[in-house]
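**Q** I'm passing along query-v4.cif; it holds mmCIF, C-alpha atoms.
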data_input
#
loop_
_atom_site.group_PDB
_atom_site.id
_atom_site.type_symbol
_atom_site.label_atom_id
_atom_site.label_comp_id
_atom_site.auth_asym_id
_atom_site.auth_seq_id
_atom_site.Cartn_x
_atom_site.Cartn_y
_atom_site.Cartn_z
ATOM 1 C CA MET A 1 -73.746 52.035 -51.691
ATOM 2 C CA ASN A 2 -74.732 51.984 -48.036
ATOM 3 C CA PHE A 3 -72.819 54.012 -45.447
ATOM 4 C CA ASP A 4 -74.260 53.216 -42.022
ATOM 5 C CA GLY A 5 -72.072 54.684 -39.301
ATOM 6 C CA VAL A 6 -69.244 57.157 -38.783
ATOM 7 C CA LEU A 7 -67.150 57.662 -41.930
ATOM 8 C CA PHE A 8 -63.593 56.656 -41.006
ATOM 9 C CA PHE A 9 -60.664 58.486 -42.618
ATOM 10 C CA PRO A 10 -57.505 56.645 -41.516
ATOM 11 C CA VAL A 11 -54.112 58.304 -41.322
ATOM 12 C CA THR A 12 -51.202 57.030 -43.384
ATOM 13 C CA PRO A 13 -48.505 55.761 -40.990
ATOM 14 C CA PHE A 14 -44.900 56.370 -42.010
ATOM 15 C CA ALA A 15 -41.984 54.248 -40.816
ATOM 16 C CA GLU A 16 -38.677 55.744 -39.661
ATOM 17 C CA ASP A 17 -37.286 55.493 -43.199
ATOM 18 C CA GLY A 18 -40.243 57.509 -44.519
ATOM 19 C CA THR A 19 -42.026 54.642 -46.282
ATOM 20 C CA VAL A 20 -45.651 53.653 -45.681
ATOM 21 C CA ASP A 21 -45.859 51.283 -42.714
ATOM 22 C CA VAL A 22 -48.297 48.740 -44.129
ATOM 23 C CA ALA A 23 -48.532 46.562 -41.016
ATOM 24 C CA LEU A 24 -49.273 49.563 -38.818
ATOM 25 C CA LEU A 25 -51.849 50.875 -41.293
ATOM 26 C CA LYS A 26 -53.675 47.544 -41.176
ATOM 27 C CA GLU A 27 -53.539 47.568 -37.374
ATOM 28 C CA HIS A 28 -54.877 51.135 -37.341
ATOM 29 C CA ILE A 29 -57.816 50.156 -39.537
ATOM 30 C CA THR A 30 -58.690 46.794 -37.985
ATOM 31 C CA SER A 31 -58.611 48.267 -34.477
ATOM 32 C CA ARG A 32 -61.358 50.715 -35.510
ATOM 33 C CA LEU A 33 -63.667 48.242 -37.256
ATOM 34 C CA PRO A 34 -65.294 47.051 -33.982
ATOM 35 C CA PHE A 35 -66.585 50.624 -33.502
ATOM 36 C CA GLY A 36 -68.811 50.293 -36.570
ATOM 37 C CA PRO A 37 -67.564 52.739 -39.207
ATOM 38 C CA GLY A 38 -69.932 53.186 -42.125
ATOM 39 C CA GLY A 39 -67.056 53.282 -44.590
ATOM 40 C CA VAL A 40 -63.264 53.498 -44.700
ATOM 41 C CA PHE A 41 -61.673 56.286 -46.771
ATOM 42 C CA PRO A 42 -57.918 55.615 -47.184
ATOM 43 C CA ALA A 43 -55.568 57.944 -49.070
ATOM 44 C CA CYS A 44 -57.902 60.915 -48.604
ATOM 45 C CA GLY A 45 -57.375 64.177 -46.708
ATOM 46 C CA THR A 46 -56.604 62.719 -43.275
ATOM 47 C CA GLY A 47 -54.432 60.114 -45.021
ATOM 48 C CA GLU A 48 -52.294 62.885 -46.595
ATOM 49 C CA PHE A 49 -53.255 62.163 -50.207
ATOM 50 C CA HIS A 50 -51.530 65.416 -51.159
ATOM 51 C CA ALA A 51 -48.184 63.933 -50.057
ATOM 52 C CA LEU A 52 -48.491 60.392 -51.468
ATOM 53 C CA SER A 53 -46.943 59.110 -54.675
ATOM 54 C CA LEU A 54 -49.049 57.025 -57.009
ATOM 55 C CA GLU A 55 -47.392 53.818 -55.805
ATOM 56 C CA GLU A 56 -48.010 54.863 -52.210
ATOM 57 C CA VAL A 57 -51.704 55.334 -53.033
ATOM 58 C CA ARG A 58 -51.685 51.776 -54.379
ATOM 59 C CA THR A 59 -49.973 50.513 -51.224
ATOM 60 C CA VAL A 60 -52.354 52.332 -48.877
ATOM 61 C CA VAL A 61 -55.542 51.317 -50.681
ATOM 62 C CA THR A 62 -54.425 47.704 -51.067
ATOM 63 C CA ALA A 63 -53.688 47.510 -47.336
ATOM 64 C CA ALA A 64 -57.047 49.075 -46.485
ATOM 65 C CA VAL A 65 -58.964 46.677 -48.715
ATOM 66 C CA GLU A 66 -57.182 43.710 -47.147
ATOM 67 C CA ALA A 67 -57.789 44.992 -43.610
ATOM 68 C CA VAL A 68 -61.482 45.779 -44.174
ATOM 69 C CA ALA A 69 -62.070 42.450 -45.949
ATOM 70 C CA GLY A 70 -65.436 43.490 -47.329
ATOM 71 C CA ALA A 71 -66.947 44.565 -43.999
ATOM 72 C CA VAL A 72 -67.768 48.093 -45.234
ATOM 73 C CA PRO A 73 -67.138 50.120 -48.407
ATOM 74 C CA VAL A 74 -63.577 51.302 -49.066
ATOM 75 C CA VAL A 75 -63.418 54.685 -50.811
ATOM 76 C CA SER A 76 -60.061 55.934 -52.127
ATOM 77 C CA GLY A 77 -59.027 59.481 -52.818
ATOM 78 C CA ALA A 78 -58.336 60.675 -56.385
ATOM 79 C CA GLY A 79 -57.541 64.270 -57.159
ATOM 80 C CA GLY A 80 -54.927 66.939 -57.744
ATOM 81 C CA PRO A 81 -53.430 67.258 -61.254
ATOM 82 C CA LEU A 82 -55.828 65.578 -63.681
ATOM 83 C CA GLY A 83 -53.264 63.070 -64.930
ATOM 84 C CA HIS A 84 -52.422 62.030 -61.387
ATOM 85 C CA ALA A 85 -56.123 61.874 -60.458
ATOM 86 C CA ILE A 86 -56.915 59.582 -63.406
ATOM 87 C CA ALA A 87 -53.937 57.369 -62.572
ATOM 88 C CA ALA A 88 -54.998 57.249 -58.904
ATOM 89 C CA ALA A 89 -58.510 56.204 -59.964
ATOM 90 C CA LYS A 90 -57.094 53.318 -61.982
ATOM 91 C CA VAL A 91 -54.746 52.287 -59.170
ATOM 92 C CA ALA A 92 -57.605 52.334 -56.655
ATOM 93 C CA GLU A 93 -59.706 50.105 -58.880
ATOM 94 C CA GLU A 94 -56.808 47.666 -59.293
ATOM 95 C CA ALA A 95 -56.326 47.671 -55.504
ATOM 96 C CA GLY A 96 -59.957 46.659 -54.937
ATOM 97 C CA ALA A 97 -61.548 49.921 -53.761
ATOM 98 C CA ASP A 98 -65.326 50.202 -53.958
ATOM 99 C CA ALA A 99 -65.529 53.888 -54.913
ATOM 100 C CA LEU A 100 -63.578 57.136 -55.279
ATOM 101 C CA LEU A 101 -63.731 60.434 -53.435
ATOM 102 C CA VAL A 102 -62.866 63.079 -56.041
ATOM 103 C CA LEU A 103 -60.617 65.579 -54.287
ATOM 104 C CA PRO A 104 -60.149 69.111 -55.687
ATOM 105 C CA PRO A 105 -57.934 69.924 -58.678
ATOM 106 C CA TYR A 106 -54.452 71.209 -57.979
ATOM 107 C CA LEU A 107 -54.028 74.991 -57.564
ATOM 108 C CA VAL A 108 -55.959 76.254 -60.594
ATOM 109 C CA THR A 109 -59.528 77.437 -60.298
ATOM 110 C CA GLY A 110 -61.692 76.808 -63.337
ATOM 111 C CA PRO A 111 -65.300 77.690 -64.107
ATOM 112 C CA THR A 112 -68.067 75.345 -63.044
ATOM 113 C CA ASP A 113 -68.141 73.676 -66.463
ATOM 114 C CA GLY A 114 -64.470 72.817 -66.057
ATOM 115 C CA VAL A 115 -64.966 71.381 -62.567
ATOM 116 C CA VAL A 116 -67.811 69.195 -63.862
ATOM 117 C CA ALA A 117 -65.571 68.029 -66.719
ATOM 118 C CA TYR A 118 -62.832 67.226 -64.188
ATOM 119 C CA VAL A 119 -65.197 64.980 -62.217
ATOM 120 C CA GLU A 120 -66.473 63.298 -65.361
ATOM 121 C CA ALA A 121 -62.932 62.619 -66.618
ATOM 122 C CA ILE A 122 -62.054 60.874 -63.345
ATOM 123 C CA ALA A 123 -65.346 58.961 -63.367
ATOM 124 C CA ALA A 124 -64.600 57.740 -66.893
ATOM 125 C CA ALA A 125 -61.117 56.520 -65.920
ATOM 126 C CA SER A 126 -62.362 53.455 -64.028
ATOM 127 C CA SER A 127 -65.486 51.424 -63.388
ATOM 128 C CA LEU A 128 -65.752 52.790 -59.838
ATOM 129 C CA PRO A 129 -68.552 55.127 -58.698
ATOM 130 C CA VAL A 130 -67.430 58.547 -57.514
ATOM 131 C CA ILE A 131 -68.318 60.980 -54.735
ATOM 132 C CA VAL A 132 -67.627 64.654 -55.429
ATOM 133 C CA TYR A 133 -65.953 66.830 -52.801
ATOM 134 C CA HIS A 134 -67.177 70.435 -52.720
ATOM 135 C CA ARG A 135 -64.080 72.186 -51.388
ATOM 136 C CA GLY A 136 -61.159 74.394 -52.347
ATOM 137 C CA THR A 137 -60.839 74.658 -56.126
ATOM 138 C CA ALA A 138 -63.775 72.258 -56.656
ATOM 139 C CA LYS A 139 -66.789 74.505 -56.173
ATOM 140 C CA PHE A 140 -70.158 73.347 -57.443
ATOM 141 C CA THR A 141 -73.485 75.027 -58.017
ATOM 142 C CA ALA A 142 -76.885 73.392 -57.712
ATOM 143 C CA GLU A 143 -77.078 73.383 -61.513
ATOM 144 C CA ALA A 144 -73.704 71.636 -61.773
ATOM 145 C CA ILE A 145 -74.761 68.945 -59.313
ATOM 146 C CA THR A 146 -77.996 68.473 -61.248
ATOM 147 C CA ARG A 147 -75.887 67.816 -64.347
ATOM 148 C CA LEU A 148 -73.724 65.336 -62.447
ATOM 149 C CA THR A 149 -76.750 63.450 -61.092
ATOM 150 C CA ALA A 150 -77.472 62.477 -64.706
ATOM 151 C CA ASN A 151 -74.289 60.383 -64.582
ATOM 152 C CA PRO A 152 -75.105 57.135 -62.727
ATOM 153 C CA LYS A 153 -71.443 56.778 -61.737
ATOM 154 C CA VAL A 154 -71.668 59.914 -59.585
ATOM 155 C CA VAL A 155 -73.187 58.624 -56.342
ATOM 156 C CA GLY A 156 -72.449 61.192 -53.661
ATOM 157 C CA PHE A 157 -71.727 64.755 -52.600
ATOM 158 C CA LYS A 158 -69.464 65.836 -49.747
ATOM 159 C CA ASP A 159 -69.622 69.467 -48.618
ATOM 160 C CA GLY A 160 -66.412 71.017 -47.361
ATOM 161 C CA ILE A 161 -67.308 74.654 -48.079
ATOM 162 C CA GLY A 162 -69.785 75.401 -45.304
ATOM 163 C CA ASP A 163 -72.106 77.697 -47.262
ATOM 164 C CA VAL A 164 -75.376 76.565 -45.686
ATOM 165 C CA GLY A 165 -77.620 78.270 -48.227
ATOM 166 C CA LEU A 166 -75.764 76.732 -51.177
ATOM 167 C CA ALA A 167 -75.703 73.342 -49.488
ATOM 168 C CA GLN A 168 -79.485 73.511 -49.117
ATOM 169 C CA GLU A 169 -79.860 74.398 -52.810
ATOM 170 C CA ILE A 170 -77.686 71.417 -53.743
ATOM 171 C CA VAL A 171 -79.659 69.035 -51.519
ATOM 172 C CA SER A 172 -82.886 70.296 -53.113
ATOM 173 C CA ALA A 173 -81.408 69.804 -56.600
ATOM 174 C CA ILE A 174 -80.413 66.229 -55.785
ATOM 175 C CA ASN A 175 -83.884 65.514 -54.410
ATOM 176 C CA ALA A 176 -85.481 67.000 -57.524
ATOM 177 C CA SER A 177 -83.341 64.757 -59.735
ATOM 178 C CA GLY A 178 -85.163 61.699 -58.446
ATOM 179 C CA ARG A 179 -81.920 59.994 -57.443
ATOM 180 C CA THR A 180 -82.493 57.931 -54.297
ATOM 181 C CA ASP A 181 -79.005 56.377 -54.245
ATOM 182 C CA PHE A 182 -77.115 59.628 -53.672
ATOM 183 C CA ALA A 183 -75.082 59.806 -50.433
ATOM 184 C CA LEU A 184 -74.779 63.225 -48.796
ATOM 185 C CA PHE A 185 -71.851 63.969 -46.454
ATOM 186 C CA ASN A 186 -70.778 66.833 -44.227
ATOM 187 C CA GLY A 187 -67.062 67.076 -44.958
ATOM 188 C CA LEU A 188 -66.135 70.172 -42.976
ATOM 189 C CA LEU A 189 -63.122 69.892 -40.678
ATOM 190 C CA THR A 190 -64.125 68.317 -37.351
ATOM 191 C CA ALA A 191 -67.577 67.813 -38.843
ATOM 192 C CA GLU A 192 -69.165 66.816 -35.532
ATOM 193 C CA LEU A 193 -69.200 70.501 -34.580
ATOM 194 C CA THR A 194 -71.555 71.367 -37.444
ATOM 195 C CA GLN A 195 -73.434 68.117 -37.978
ATOM 196 C CA GLY A 196 -76.483 69.167 -35.981
ATOM 197 C CA ALA A 197 -77.051 71.925 -38.539
ATOM 198 C CA TYR A 198 -76.241 69.708 -41.513
ATOM 199 C CA ARG A 199 -78.762 67.115 -40.409
ATOM 200 C CA GLY A 200 -81.377 69.860 -40.691
ATOM 201 C CA LEU A 201 -80.307 70.496 -44.295
ATOM 202 C CA GLY A 202 -80.892 66.870 -45.220
ATOM 203 C CA ILE A 203 -77.225 65.826 -45.040
ATOM 204 C CA PRO A 204 -77.208 62.932 -42.559
ATOM 205 C CA LEU A 205 -73.671 61.575 -42.979
ATOM 206 C CA TYR A 206 -70.388 63.096 -41.875
ATOM 207 C CA SER A 207 -66.687 62.360 -42.078
ATOM 208 C CA SER A 208 -64.825 61.998 -38.798
ATOM 209 C CA ALA A 209 -61.093 62.481 -38.472
ATOM 210 C CA ALA A 210 -61.602 62.162 -34.714
ATOM 211 C CA PHE A 211 -62.736 58.562 -35.248
ATOM 212 C CA ALA A 212 -59.230 57.741 -36.500
ATOM 213 C CA MET A 213 -57.687 59.181 -33.331
ATOM 214 C CA ALA A 214 -60.258 58.346 -30.641
ATOM 215 C CA PRO A 215 -62.965 55.973 -31.895
ATOM 216 C CA GLU A 216 -64.513 55.607 -28.432
ATOM 217 C CA ILE A 217 -65.241 59.346 -28.305
ATOM 218 C CA ALA A 218 -66.398 59.560 -31.922
ATOM 219 C CA LYS A 219 -68.701 56.568 -31.458
ATOM 220 C CA ALA A 220 -70.172 58.073 -28.281
ATOM 221 C CA TYR A 221 -70.980 61.237 -30.225
ATOM 222 C CA TYR A 222 -72.443 59.269 -33.139
ATOM 223 C CA ASP A 223 -74.626 57.172 -30.849
ATOM 224 C CA ALA A 224 -75.943 60.312 -29.169
ATOM 225 C CA TYR A 225 -76.509 61.890 -32.594
ATOM 226 C CA VAL A 226 -78.553 59.001 -34.034
ATOM 227 C CA SER A 227 -80.508 58.319 -30.828
ATOM 228 C CA GLY A 228 -81.462 61.953 -30.291
ATOM 229 C CA ASP A 229 -79.654 62.217 -26.943
ATOM 230 C CA GLU A 230 -79.008 65.930 -27.322
ATOM 231 C CA GLU A 231 -77.802 66.408 -23.760
ATOM 232 C CA ARG A 232 -74.966 63.926 -24.244
ATOM 233 C CA ARG A 233 -74.200 65.161 -27.753
ATOM 234 C CA HIS A 234 -73.837 68.737 -26.531
ATOM 235 C CA ALA A 235 -71.707 67.644 -23.575
ATOM 236 C CA LEU A 236 -69.282 65.999 -26.008
ATOM 237 C CA LEU A 237 -69.377 69.035 -28.287
ATOM 238 C CA GLU A 238 -68.611 71.457 -25.471
ATOM 239 C CA GLY A 239 -66.146 69.274 -23.563
ATOM 240 C CA PHE A 240 -64.195 67.690 -26.425
ATOM 241 C CA TYR A 241 -64.932 68.880 -29.956
ATOM 242 C CA ALA A 242 -65.012 72.644 -29.338
ATOM 243 C CA PRO A 243 -61.638 72.658 -27.498
ATOM 244 C CA LEU A 244 -60.201 70.392 -30.212
ATOM 245 C CA VAL A 245 -61.327 72.850 -32.889
ATOM 246 C CA ARG A 246 -59.760 75.771 -31.008
ATOM 247 C CA LEU A 247 -56.460 73.888 -30.876
ATOM 248 C CA ARG A 248 -56.808 72.826 -34.520
ATOM 249 C CA ASP A 249 -57.261 76.419 -35.613
ATOM 250 C CA GLN A 250 -53.946 77.496 -34.081
ATOM 251 C CA THR A 251 -51.938 76.124 -37.014
ATOM 252 C CA PRO A 252 -52.843 75.435 -40.663
ATOM 253 C CA GLY A 253 -53.013 71.723 -41.394
ATOM 254 C CA PHE A 254 -53.701 70.660 -37.817
ATOM 255 C CA GLY A 255 -56.857 68.912 -38.992
ATOM 256 C CA VAL A 256 -54.431 66.122 -39.910
ATOM 257 C CA SER A 257 -51.455 66.797 -37.641
ATOM 258 C CA LEU A 258 -53.447 66.566 -34.408
ATOM 259 C CA ILE A 259 -54.957 63.239 -35.434
ATOM 260 C CA LYS A 260 -51.546 61.695 -35.971
ATOM 261 C CA ALA A 261 -50.314 63.246 -32.741
ATOM 262 C CA GLY A 262 -53.276 61.809 -30.841
ATOM 263 C CA LEU A 263 -52.522 58.363 -32.225
ATOM 264 C CA ARG A 264 -48.904 58.660 -31.109
ATOM 265 C CA LEU A 265 -50.052 59.726 -27.641
ATOM 266 C CA ALA A 266 -52.191 56.575 -27.557
ATOM 267 C CA GLY A 267 -49.169 54.416 -28.338
ATOM 268 C CA LEU A 268 -49.578 53.881 -32.077
ATOM 269 C CA PRO A 269 -46.307 55.066 -33.693
ATOM 270 C CA VAL A 270 -47.767 56.404 -36.941
ATOM 271 C CA GLY A 271 -44.870 58.788 -37.535
ATOM 272 C CA PRO A 272 -44.930 62.491 -38.393
ATOM 273 C CA VAL A 273 -46.886 64.341 -41.044
ATOM 274 C CA ARG A 274 -45.161 65.131 -44.325
ATOM 275 C CA PRO A 275 -44.398 68.693 -45.445
ATOM 276 C CA PRO A 276 -45.897 71.189 -45.896
ATOM 277 C CA LEU A 277 -47.799 70.095 -42.763
ATOM 278 C CA VAL A 278 -46.053 70.355 -39.399
ATOM 279 C CA ASP A 279 -46.401 68.441 -36.138
ATOM 280 C CA PRO A 280 -47.620 70.033 -32.885
ATOM 281 C CA SER A 281 -45.247 71.606 -30.381
ATOM 282 C CA GLU A 282 -44.746 70.072 -26.941
ATOM 283 C CA GLU A 283 -47.096 72.657 -25.466
ATOM 284 C CA GLN A 284 -49.761 71.807 -28.034
ATOM 285 C CA LEU A 285 -49.294 68.089 -27.366
ATOM 286 C CA LEU A 286 -49.969 68.669 -23.678
ATOM 287 C CA GLU A 287 -53.141 70.549 -24.559
ATOM 288 C CA LEU A 288 -54.219 67.748 -26.914
ATOM 289 C CA LYS A 289 -53.562 65.158 -24.203
ATOM 290 C CA SER A 290 -55.815 67.098 -21.814
ATOM 291 C CA ILE A 291 -58.576 67.427 -24.426
ATOM 292 C CA LEU A 292 -58.451 63.696 -25.164
ATOM 293 C CA ALA A 293 -58.598 62.845 -21.464
ATOM 294 C CA LYS A 294 -61.731 64.961 -21.079
ATOM 295 C CA GLY A 295 -63.250 63.355 -24.169
ATOM 296 C CA HIS A 296 -62.654 59.851 -22.860
ATOM 297 C CA GLU A 297 -64.151 60.856 -19.518
ATOM 298 C CA LEU A 298 -67.300 62.148 -21.212
ATOM 299 C CA ALA A 299 -67.517 59.066 -23.431
ATOM 300 C CA GLY A 300 -67.073 56.758 -20.461
ATOM 301 C CA SER A 301 -64.096 55.059 -22.120
#
I'd like the structure from this file rewritten - as structure tokens, please.
**A**
Amino acid sequence: MNFDGVLFFPVTPFAEDGTVDVALLKEHITSRLPFGPGGVFPACGTGEFHALSLEEVRTVVTAAVEAVAGAVPVVSGAGGPLGHAIAAAKVAEEAGADALLVLPPYLVTGPTDGVVAYVEAIAAASSLPVIVYHRGTAKFTAEAITRLTANPKVVGFKDGIGDVGLAQEIVSAINASGRTDFALFNGLLTAELTQGAYRGLGIPLYSSAAFAMAPEIAKAYYDAYVSGDEERRHALLEGFYAPLVRLRDQTPGFGVSLIKAGLRLAGLPVGPVRPPLVDPSEEQLLELKSILAKGHELAGS
């Protein structure tokens, strides 16, 4: 599976009555396709998978598949309680997704053997290939990833922990396995801030919530990243991404909340986040508006 470009994690728009706004979701996705995402990941973290019912996952993934129309891979989230994760995997396959991103189990923390078994149970639930997400209650060792590389349905690894030494061990284990079809992602929040380091580890891909909110800025960063224009990349890091991270860190869950807020500021009425997340205050919205303005200035958009 080829991911060539920024990995796009769309939000899930909610209408005034609280239902998924399918038309707006399709508009959100199609408006970003001209900026060249390498893949579209609906019903994942930025799409509030934690707050979606199974039928809402079906609705979101179906809309994404229709909007993308085969242009790039569509990867759906599947995770949480094992029964729900297995059902989400089946729903995603029925909706036409190309792969699954296995999100962490709900609440409980098991040993590594249990986490591997969790991934394998989800992989066995459908014909879709799976990407494992190293984050929260889903913590992997190099040995565990080596075991998972023996399963041809496991095709990727996304790091959301940020332990650079462990990430390097995992990359080395994947390389030693002989698998050449394994995709490696930086999945830390606002991954652009750390991607320079992750590239050095041998992890060339990264997820971008900012792409959902401001594709012009995210594409400018990506172009600088792949072309080696370090001066422009660092200007975007210092002028846009670093201030965005400082604002994000003010309130838990703002990795999602700010993205939806930025979309609303841009005129796309995607609605609020669902509990337990909260929306920004008026003061925080003003700060976000200023950060976005600076980002657009630096991107020339």
**Q** For Ala99 (chain A), which residue out of A:Pro34, A:Gly160, A:Gly77, A:Pro215 is the nearest one, using all atoms listed in the file?
**A**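 With all atoms listed in the file as the atom set, the closest residue is A:Gly77.
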**Q** What's the separation between CA of Pro37 (chain A) and CA of Val6 (chain A), in Å to one decimal place?
**A**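 About the pair CA of Pro37 (chain A) and CA of Val6 (chain A): they are 4.7 Å apart.
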**Q** Counting only C-alpha atoms, what is within 8 Å of Leu188 (chain A), bar same-chain residues fewer than 5 positions away, as a list of chain:residue names?
**A**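 Skipping anything fewer than 5 positions along the chain leaves A:Asp159, A:Gly160, A:Ile161, A:Gly162, A:Thr194, A:Ser207.
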**Q** Grab the CA of Ala87 (chain A) to CA of Ala121 (chain A) distance for me, in Å with one decimal place.
**A**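 Separation of CA of Ala87 (chain A) and CA of Ala121 (chain A): 11.2 Å.
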**Q** Need to verify the contact set: region 148-151 of chain A, 8 Å, all atoms listed in the file, exclusion of same-chain residues closer than 5 positions in sequence. Can you return it as JSON, numbers by chain?
**A** {"A": [116, 174, 177, 179]}
**Q** Please, what distance in Å, to one decimal, runs between CA of Thr137 (chain A) and CA of Leu52 (chain A)?
**A**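 Distance between the two atoms: 19.4 Å.
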**Q** Could you write out as AutoDock Vina command-line options the box around region 268-280 of chain A (axis-aligned, all atoms listed in the file, 6 Å on each side), with centre and edge lengths in Å to one decimal?
**A**
--center_x -47.0 --center_y 62.5 --center_z -39.0 --size_x 17.2 --size_y 29.3 --size_z 25.8
**Q** Could you add the missing atoms to region 77-92 of chain A, up to N, CA, C and O atoms, and return them as a tab-separated table (two decimals), in the frame of the given file?
**A**
chain	number	residue	atom	x	y	z
A	77	GLY	N	-59.15	58.14	-52.27
A	77	GLY	CA	-59.03	59.48	-52.82
A	77	GLY	C	-58.47	59.46	-54.23
A	77	GLY	O	-57.68	58.59	-54.59
A	78	ALA	N	-58.90	60.45	-55.05
A	78	ALA	CA	-58.34	60.68	-56.38
A	78	ALA	C	-58.52	62.15	-56.68
A	78	ALA	O	-59.64	62.66	-56.65
A	79	GLY	N	-57.42	62.84	-56.93
A	79	GLY	CA	-57.54	64.27	-57.16
A	79	GLY	C	-56.20	64.89	-57.47
A	79	GLY	O	-55.24	64.21	-57.80
A	80	GLY	N	-56.14	66.23	-57.39
A	80	GLY	CA	-54.93	66.94	-57.74
A	80	GLY	C	-54.81	67.12	-59.24
A	80	GLY	O	-55.83	67.23	-59.95
A	81	PRO	N	-53.59	67.14	-59.80
A	81	PRO	CA	-53.43	67.26	-61.25
A	81	PRO	C	-54.24	66.17	-61.96
A	81	PRO	O	-54.25	65.02	-61.51
A	82	LEU	N	-54.90	66.51	-63.05
A	82	LEU	CA	-55.83	65.58	-63.68
A	82	LEU	C	-55.16	64.25	-64.05
A	82	LEU	O	-55.74	63.18	-63.84
A	83	GLY	N	-53.96	64.31	-64.58
A	83	GLY	CA	-53.26	63.07	-64.93
A	83	GLY	C	-53.03	62.18	-63.72
A	83	GLY	O	-53.22	60.96	-63.79
A	84	HIS	N	-52.64	62.79	-62.62
A	84	HIS	CA	-52.42	62.03	-61.39
A	84	HIS	C	-53.75	61.49	-60.86
A	84	HIS	O	-53.82	60.36	-60.38
A	85	ALA	N	-54.81	62.30	-60.95
A	85	ALA	CA	-56.12	61.87	-60.46
A	85	ALA	C	-56.64	60.68	-61.25
A	85	ALA	O	-57.18	59.72	-60.67
A	86	ILE	N	-56.48	60.70	-62.57
A	86	ILE	CA	-56.92	59.58	-63.41
A	86	ILE	C	-56.10	58.33	-63.08
A	86	ILE	O	-56.65	57.22	-62.95
A	87	ALA	N	-54.79	58.51	-62.92
A	87	ALA	CA	-53.94	57.37	-62.57
A	87	ALA	C	-54.30	56.81	-61.19
A	87	ALA	O	-54.33	55.59	-61.00
A	88	ALA	N	-54.61	57.70	-60.25
A	88	ALA	CA	-55.00	57.25	-58.90
A	88	ALA	C	-56.31	56.48	-58.95
A	88	ALA	O	-56.50	55.50	-58.22
A	89	ALA	N	-57.24	56.91	-59.81
A	89	ALA	CA	-58.51	56.20	-59.96
A	89	ALA	C	-58.27	54.79	-60.46
A	89	ALA	O	-58.86	53.82	-59.96
A	90	LYS	N	-57.39	54.64	-61.43
A	90	LYS	CA	-57.09	53.32	-61.98
A	90	LYS	C	-56.39	52.44	-60.95
A	90	LYS	O	-56.69	51.25	-60.81
A	91	VAL	N	-55.45	53.03	-60.21
A	91	VAL	CA	-54.75	52.29	-59.17
A	91	VAL	C	-55.71	51.82	-58.08
A	91	VAL	O	-55.64	50.68	-57.60
A	92	ALA	N	-56.63	52.69	-57.69
A	92	ALA	CA	-57.60	52.33	-56.66
A	92	ALA	C	-58.49	51.18	-57.11
A	92	ALA	O	-58.79	50.28	-56.32
